[in-house]
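Trainee: One structure, pasted below without further comment.
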Amino acid sequence: MPTSHRVVIAVFPDVDLLDVTGPAEVFTLANRVTDGRAGYEVRLAGPEAGPVVTSAGVRLVTDLTFAEVGAAVDTLVVPGAVDPSPDGPVARVDDTVVEWVRATAPYARRIASVCVGAHVLAAAGLLDGRRATTHWSTAAQLAAEYPRVRVDADPIFVRSGRVWTGAGISTCMDLALALVAEDHGEEPALAVARQLVMYLRRQGGQSQFSVPLSRPAPARRDIDELRVFITEHLDGDLSVPALAERMCLSERHFARVFRQETGTSPAAYVEAARVETARRLLETTDEPLERIAAATGMGSVETLHRAFRKQISTTPAAYRRRFRTAS
């Protein structure tokens with residue numbers, strides 16, 4: 001007899017559609033690739049019975065009301081919803097959903113939030129003292145509103161004990177695949193990834209955005225163009241004197257303008273861009289570390305090691321072992 005894993009996914013008005021359907025598809029496919037042995041039973045639960053209009057305008061129909069779920073839950077999945085604003089999306093926290101999550105969480109073996117659903121977990125007190133992630137666009141909001149949460153805006157998902165938080169959008173499937181792997185091992189999770197035609201079953205520590213996207217967009221076009229130049233010339237001279245000369249500015253003035261426009265120093269930006277490209281090469285090629293160091297402008301394996309230790313707290317070799325894409 002297969003082990004029963006009842007997955008309850010919260011749905012409510014304006015919930016992000018993919019945050020619901022992505023995990024549901026992963027769990028359903030896990031049943032299929034294991035001939036039912038995975039034992040996942042996916043149920044949608046909402047404040048009321050009947051249809052729920054998602055953010056995409058597509059209607060979902062609840063299987064259960066919140067009141068009917070009770071203690072019959074193995075994995076509780078909490079998606080999110082956002083409200084638009086002139087400054088970008090703002091995570092919505094519905095008190096009804098928060099109260100239900102707070103009451104239901106003690107009965108669940110594990111709890112997982114998808115995208116801005118982390119804000120609901122935080123409001124329910126489930127992330128206090130824990131490291132957590134969310135979609136990069138609302139990470140600052142999460143950190144400001146819930147100072148007891150250790151917000152990390154970089155990884156695509158984070159596990160802290162029985163609580164998982166995901167970055168959202170397509171990463172909801174990476175998170176769900178990790179839950180399948182926890183329950184049944186790597187083989188079924190990889191089989192599901194193949195069914196979904198996913199290029200790679202990404203691990204949680206991988207970044208949810210690139211270096212240029214992780215920085216504020218510069219108001220100055222010349223600085224934005226310089227960021228593109230840096231990305232395309234990582235093996236060149238990207239020292240402050242060289243970049244300042246390219247911008248026709250004094251070194252001091254250039255450094256001040258660059259920090260003002262990007263929120264970081266030129267040297268820190270260049271190093272982060274080089275590490276990002278090195279990570280991609282480690283994930284997708286078998287190039288030796290010497291060539292990767294040269295291609296990214298770090299010059300030596302020693303410098304590559306030092307940058308990796310500083311940026312992501314691991315070594316290039318360890319990173320490759322964990323994240324290398326199968327040929």
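Ligands are numbered from 1 in the order shown, chains are lettered A, B, ... in the order of the structure tokens, and residues start at 1 in each chain.
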Considering only alpha helix (DSSP H) as DSSP defines it on the backbone, what residues of segment 126-316 of chain A qualify? List them as an MDAnalysis selection string.

Mentor: chainID A and resid 139:145 171:184 186:195 211:214 221:232 240:247 251:262 266:284 289:295 301:312 316

Trainee: Name the residues of segment 26-116 of chain A that fall into strand (DSSP E or B) according to DSSP on the backbone, using the chain letters and numbers of this document, as a PyMOL selection string.

Mentor: chain A and resi 40-46+51-53+59-61+64-65+75-78+82-83+90-91+110-113

Trainee: With a distance cut-off of 10 Å and only C-alpha atoms, select the neighbouring residues of Thr96 of chain A, excluding the residue or stretch itself and same-chain residues fewer than 6 positions from it, and output the selection as number ranges by chain.

Mentor: A: 12, 46-47, 66

Trainee: Quick one: write out the picked residues with N, CA, C and O atoms as an mmCIF file, in the first residue's frame?

Mentor:
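Written output follows (part-v3.cif):
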data_model
loop_
_atom_site.group_PDB
_atom_site.id
_atom_site.type_symbol
_atom_site.label_atom_id
_atom_site.label_comp_id
_atom_site.auth_asym_id
_atom_site.auth_seq_id
_atom_site.Cartn_x
_atom_site.Cartn_y
_atom_site.Cartn_z
ATOM 1 N N PHE A 12 -7.434 31.390 -2.540
ATOM 2 C CA PHE A 12 -8.224 32.536 -2.096
ATOM 3 C C PHE A 12 -8.236 33.555 -3.224
ATOM 4 O O PHE A 12 -7.446 33.443 -4.181
ATOM 5 N N GLY A 46 -10.220 26.521 0.522
ATOM 6 C CA GLY A 46 -10.430 27.959 0.515
ATOM 7 C C GLY A 46 -11.344 28.404 1.637
ATOM 8 O O GLY A 46 -11.945 27.576 2.336
ATOM 9 N N PRO A 47 -11.482 29.701 1.833
ATOM 10 C CA PRO A 47 -12.360 30.203 2.895
ATOM 11 C C PRO A 47 -13.800 29.745 2.736
ATOM 12 O O PRO A 47 -14.510 29.537 3.722
ATOM 13 N N PHE A 66 -11.814 25.822 4.444
ATOM 14 C CA PHE A 66 -10.808 25.802 5.509
ATOM 15 C C PHE A 66 -11.325 25.035 6.725
ATOM 16 O O PHE A 66 -10.585 24.268 7.361
#

Trainee: Can you work out which one of A:Leu127, A:Val240, A:Ala45, A:Ala56 has the shortest atom-to-atom distance to Val97 of chain A, counting only C-alpha atoms?

Mentor: A:Ala45

Trainee: Between A:Leu126, A:Val257, A:Pro288, A:Pro155, which one has atoms that come closest to Ile312 of chain A, using only C-alpha atoms?

Mentor: A:Pro155

Trainee: Which residue is closest to Leu243 of chain A? Choose from A:Ala153, A:Val93, A:Ala255, A:Ala317 and count only C-alpha atoms.

Mentor: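 For Leu243 of chain A, the nearest of the candidates is A:Ala255.
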
Trainee: Between atom CA of His253 of chain A and atom CA of Val270 of chain A, what is the distance, to one decimal in Å?

Mentor: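 Computing it gives 17.7 Å between the two atoms.
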
Trainee: Would you kindly return, as a list of chain:residue names, each protein, DNA or RNA residue with an atom no farther than 6 Å from any atom of Pro23 of chain A, considering only C-alpha atoms and excluding same-chain residues fewer than 2 positions away?

Mentor: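 In the requested form, the answer reads A:Thr21, A:Glu25, A:Val26, A:Met173, A:Ala176.
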
Trainee: Keeping N, CA and C atoms for every residue in the selection just given, could you write it to a file as a PDB file, in the first residue's frame?

Mentor:
ATOM      1  N   THR A  21      -1.155  25.696  -9.347  1.00  0.00           N
ATOM      2  CA  THR A  21      -1.144  24.613 -10.327  1.00  0.00           C
ATOM      3  C   THR A  21       0.236  23.985 -10.501  1.00  0.00           C
ATOM      4  N   GLU A  25       0.698  20.001 -10.111  1.00  0.00           N
ATOM      5  CA  GLU A  25       1.135  19.190 -11.253  1.00  0.00           C
ATOM      6  C   GLU A  25       2.302  18.294 -10.878  1.00  0.00           C
ATOM      7  N   VAL A  26       3.252  18.832 -10.097  1.00  0.00           N
ATOM      8  CA  VAL A  26       4.415  18.042  -9.688  1.00  0.00           C
ATOM      9  C   VAL A  26       3.975  16.843  -8.851  1.00  0.00           C
ATOM     10  N   MET A 173       7.867  24.903  -8.825  1.00  0.00           N
ATOM     11  CA  MET A 173       8.034  23.506  -9.215  1.00  0.00           C
ATOM     12  C   MET A 173       9.352  22.944  -8.689  1.00  0.00           C
ATOM     13  N   ALA A 176       8.515  22.055  -5.146  1.00  0.00           N
ATOM     14  CA  ALA A 176       7.699  20.842  -5.076  1.00  0.00           C
ATOM     15  C   ALA A 176       8.523  19.605  -5.403  1.00  0.00           C
TER      16      ALA A 176
END

Trainee: In Å to one decimal, how far is atom CA of Ala118 of chain A from atom CA of Ser170 of chain A?

Mentor: 15.8 Å

Trainee: Leu17 of chain A: which residues within 8 Å, counting only C-alpha atoms, same-chain residues fewer than 2 positions away excluded, as a list in words?

Mentor: Val15, Asp19, Val20, Thr21, Thr54, Ser55, Ala56 and Val58 of chain A

Trainee: Let's have the selection written as an mmCIF file, in the first residue's frame, with all heavy atoms.

Mentor:
data_model
loop_
_atom_site.group_PDB
_atom_site.id
_atom_site.type_symbol
_atom_site.label_atom_id
_atom_site.label_comp_id
_atom_site.auth_asym_id
_atom_site.auth_seq_id
_atom_site.Cartn_x
_atom_site.Cartn_y
_atom_site.Cartn_z
ATOM 1 N N VAL A 15 -5.243 34.742 -5.797
ATOM 2 C CA VAL A 15 -4.051 33.931 -5.594
ATOM 3 C C VAL A 15 -3.339 33.766 -6.934
ATOM 4 O O VAL A 15 -3.961 33.723 -7.995
ATOM 5 C CB VAL A 15 -4.417 32.555 -4.988
ATOM 6 C CG1 VAL A 15 -5.192 31.707 -5.988
ATOM 7 C CG2 VAL A 15 -3.169 31.815 -4.521
ATOM 8 N N ASP A 19 1.306 29.392 -8.745
ATOM 9 C CA ASP A 19 1.702 28.970 -7.401
ATOM 10 C C ASP A 19 0.834 27.811 -6.906
ATOM 11 O O ASP A 19 1.245 27.053 -6.022
ATOM 12 C CB ASP A 19 1.573 30.132 -6.414
ATOM 13 C CG ASP A 19 2.593 31.222 -6.659
ATOM 14 O OD1 ASP A 19 3.466 31.033 -7.534
ATOM 15 O OD2 ASP A 19 2.526 32.270 -5.991
ATOM 16 N N VAL A 20 -0.362 27.692 -7.465
ATOM 17 C CA VAL A 20 -1.269 26.593 -7.100
ATOM 18 C C VAL A 20 -1.086 25.416 -8.048
ATOM 19 O O VAL A 20 -0.888 24.269 -7.627
ATOM 20 C CB VAL A 20 -2.738 27.063 -7.126
ATOM 21 C CG1 VAL A 20 -3.685 25.897 -6.813
ATOM 22 C CG2 VAL A 20 -2.953 28.207 -6.151
ATOM 23 N N THR A 21 -1.155 25.696 -9.347
ATOM 24 C CA THR A 21 -1.144 24.613 -10.327
ATOM 25 C C THR A 21 0.236 23.985 -10.501
ATOM 26 O O THR A 21 0.326 22.791 -10.817
ATOM 27 C CB THR A 21 -1.655 25.111 -11.683
ATOM 28 O OG1 THR A 21 -0.828 26.204 -12.133
ATOM 29 C CG2 THR A 21 -3.100 25.588 -11.568
ATOM 30 N N THR A 54 -8.543 33.550 -9.661
ATOM 31 C CA THR A 54 -7.111 33.771 -9.435
ATOM 32 C C THR A 54 -6.673 35.081 -10.054
ATOM 33 O O THR A 54 -7.439 35.767 -10.746
ATOM 34 C CB THR A 54 -6.299 32.623 -10.043
ATOM 35 O OG1 THR A 54 -6.420 32.679 -11.481
ATOM 36 C CG2 THR A 54 -6.796 31.270 -9.559
ATOM 37 N N SER A 55 -5.404 35.420 -9.854
ATOM 38 C CA SER A 55 -4.857 36.657 -10.406
ATOM 39 C C SER A 55 -4.875 36.656 -11.927
ATOM 40 O O SER A 55 -4.892 37.715 -12.558
ATOM 41 C CB SER A 55 -3.422 36.868 -9.909
ATOM 42 O OG SER A 55 -2.589 35.796 -10.332
ATOM 43 N N ALA A 56 -4.857 35.473 -12.527
ATOM 44 C CA ALA A 56 -4.883 35.363 -13.984
ATOM 45 C C ALA A 56 -6.305 35.405 -14.545
ATOM 46 O O ALA A 56 -6.493 35.358 -15.759
ATOM 47 C CB ALA A 56 -4.202 34.064 -14.420
ATOM 48 N N VAL A 58 -8.406 33.055 -14.150
ATOM 49 C CA VAL A 58 -8.853 31.665 -14.264
ATOM 50 C C VAL A 58 -9.490 31.233 -12.948
ATOM 51 O O VAL A 58 -8.954 31.521 -11.870
ATOM 52 C CB VAL A 58 -7.668 30.740 -14.608
ATOM 53 C CG1 VAL A 58 -8.106 29.283 -14.646
ATOM 54 C CG2 VAL A 58 -7.045 31.147 -15.936
#

Trainee: Which one is closest to Ala167 of chain A: A:Glu302, A:Ala132, A:Val7, A:Asp183? Count only C-alpha atoms.

Mentor: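 The closest residue to Ala167 of chain A is A:Ala132.
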
Trainee: Which is closer to Gly161 of chain A than all the others in A:Leu175, A:Thr62, A:Ala144, A:Arg109, using only C-alpha atoms?

Mentor: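 Among the listed residues, the smallest separation from Gly161 of chain A belongs to A:Arg109.
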
Trainee: Which value, in Å to one decimal, gives the distance between atom CA of Val120 of chain A and atom CA of Gly185 of chain A?

Mentor: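 These two atoms are separated by 29.1 Å.
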
Trainee: I'd like the neighbourhood of Thr138 of chain A as a PDB file with N, CA, C and O atoms, in the first residue's frame, where a residue qualifies if any of its atoms comes within 9 Å (using only C-alpha atoms), though same-chain residues fewer than 4 positions away should be ignored.

Mentor:
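Saved as result-v3.pdb:
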ATOM      1  N   GLY A  88       5.952  49.045  -7.208  1.00  0.00           N
ATOM      2  CA  GLY A  88       6.128  47.618  -7.430  1.00  0.00           C
ATOM      3  C   GLY A  88       5.101  46.815  -6.658  1.00  0.00           C
ATOM      4  O   GLY A  88       4.308  47.365  -5.882  1.00  0.00           O
ATOM      5  N   PRO A  89       5.093  45.492  -6.846  1.00  0.00           N
ATOM      6  CA  PRO A  89       4.092  44.648  -6.179  1.00  0.00           C
ATOM      7  C   PRO A  89       4.229  44.655  -4.665  1.00  0.00           C
ATOM      8  O   PRO A  89       5.333  44.714  -4.129  1.00  0.00           O
ATOM      9  N   VAL A  90       3.088  44.590  -3.995  1.00  0.00           N
ATOM     10  CA  VAL A  90       3.042  44.536  -2.536  1.00  0.00           C
ATOM     11  C   VAL A  90       2.330  43.243  -2.148  1.00  0.00           C
ATOM     12  O   VAL A  90       1.222  42.964  -2.632  1.00  0.00           O
ATOM     13  N   ALA A  91       2.969  42.447  -1.301  1.00  0.00           N
ATOM     14  CA  ALA A  91       2.366  41.186  -0.878  1.00  0.00           C
ATOM     15  C   ALA A  91       1.102  41.442  -0.077  1.00  0.00           C
ATOM     16  O   ALA A  91       1.075  42.288   0.810  1.00  0.00           O
ATOM     17  N   VAL A 116       5.096  34.869  -2.627  1.00  0.00           N
ATOM     18  CA  VAL A 116       4.803  35.796  -1.535  1.00  0.00           C
ATOM     19  C   VAL A 116       3.930  35.160  -0.460  1.00  0.00           C
ATOM     20  O   VAL A 116       3.521  35.841   0.494  1.00  0.00           O
ATOM     21  N   HIS A 119       4.854  35.709   3.215  1.00  0.00           N
ATOM     22  CA  HIS A 119       4.321  36.783   4.052  1.00  0.00           C
ATOM     23  C   HIS A 119       3.190  36.262   4.930  1.00  0.00           C
ATOM     24  O   HIS A 119       3.013  36.725   6.069  1.00  0.00           O
ATOM     25  N   THR A 134      11.553  34.624  -0.393  1.00  0.00           N
ATOM     26  CA  THR A 134      10.302  34.953  -1.057  1.00  0.00           C
ATOM     27  C   THR A 134      10.673  35.519  -2.409  1.00  0.00           C
ATOM     28  O   THR A 134      11.850  35.569  -2.761  1.00  0.00           O
ATOM     29  N   LEU A 142       9.089  41.995   3.259  1.00  0.00           N
ATOM     30  CA  LEU A 142       9.064  40.925   4.256  1.00  0.00           C
ATOM     31  C   LEU A 142      10.024  41.228   5.399  1.00  0.00           C
ATOM     32  O   LEU A 142       9.675  41.070   6.584  1.00  0.00           O
ATOM     33  N   ALA A 143      11.225  41.685   5.067  1.00  0.00           N
ATOM     34  CA  ALA A 143      12.224  41.983   6.098  1.00  0.00           C
ATOM     35  C   ALA A 143      11.787  43.155   6.972  1.00  0.00           C
ATOM     36  O   ALA A 143      11.999  43.146   8.193  1.00  0.00           O
ATOM     37  N   ALA A 153      17.024  36.921   0.141  1.00  0.00           N
ATOM     38  CA  ALA A 153      16.330  37.122  -1.134  1.00  0.00           C
ATOM     39  C   ALA A 153      16.971  36.383  -2.297  1.00  0.00           C
ATOM     40  O   ALA A 153      16.459  36.428  -3.403  1.00  0.00           O
TER      41      ALA A 153
END

Trainee: So, counting only C-alpha atoms, which residue among A:Gln311, A:Thr231, A:Thr133, A:Gln141 is closest to Thr171 of chain A?

Mentor: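 Of A:Gln311, A:Thr231, A:Thr133, A:Gln141, the one nearest Thr171 of chain A, counting only C-alpha atoms, is A:Thr133.
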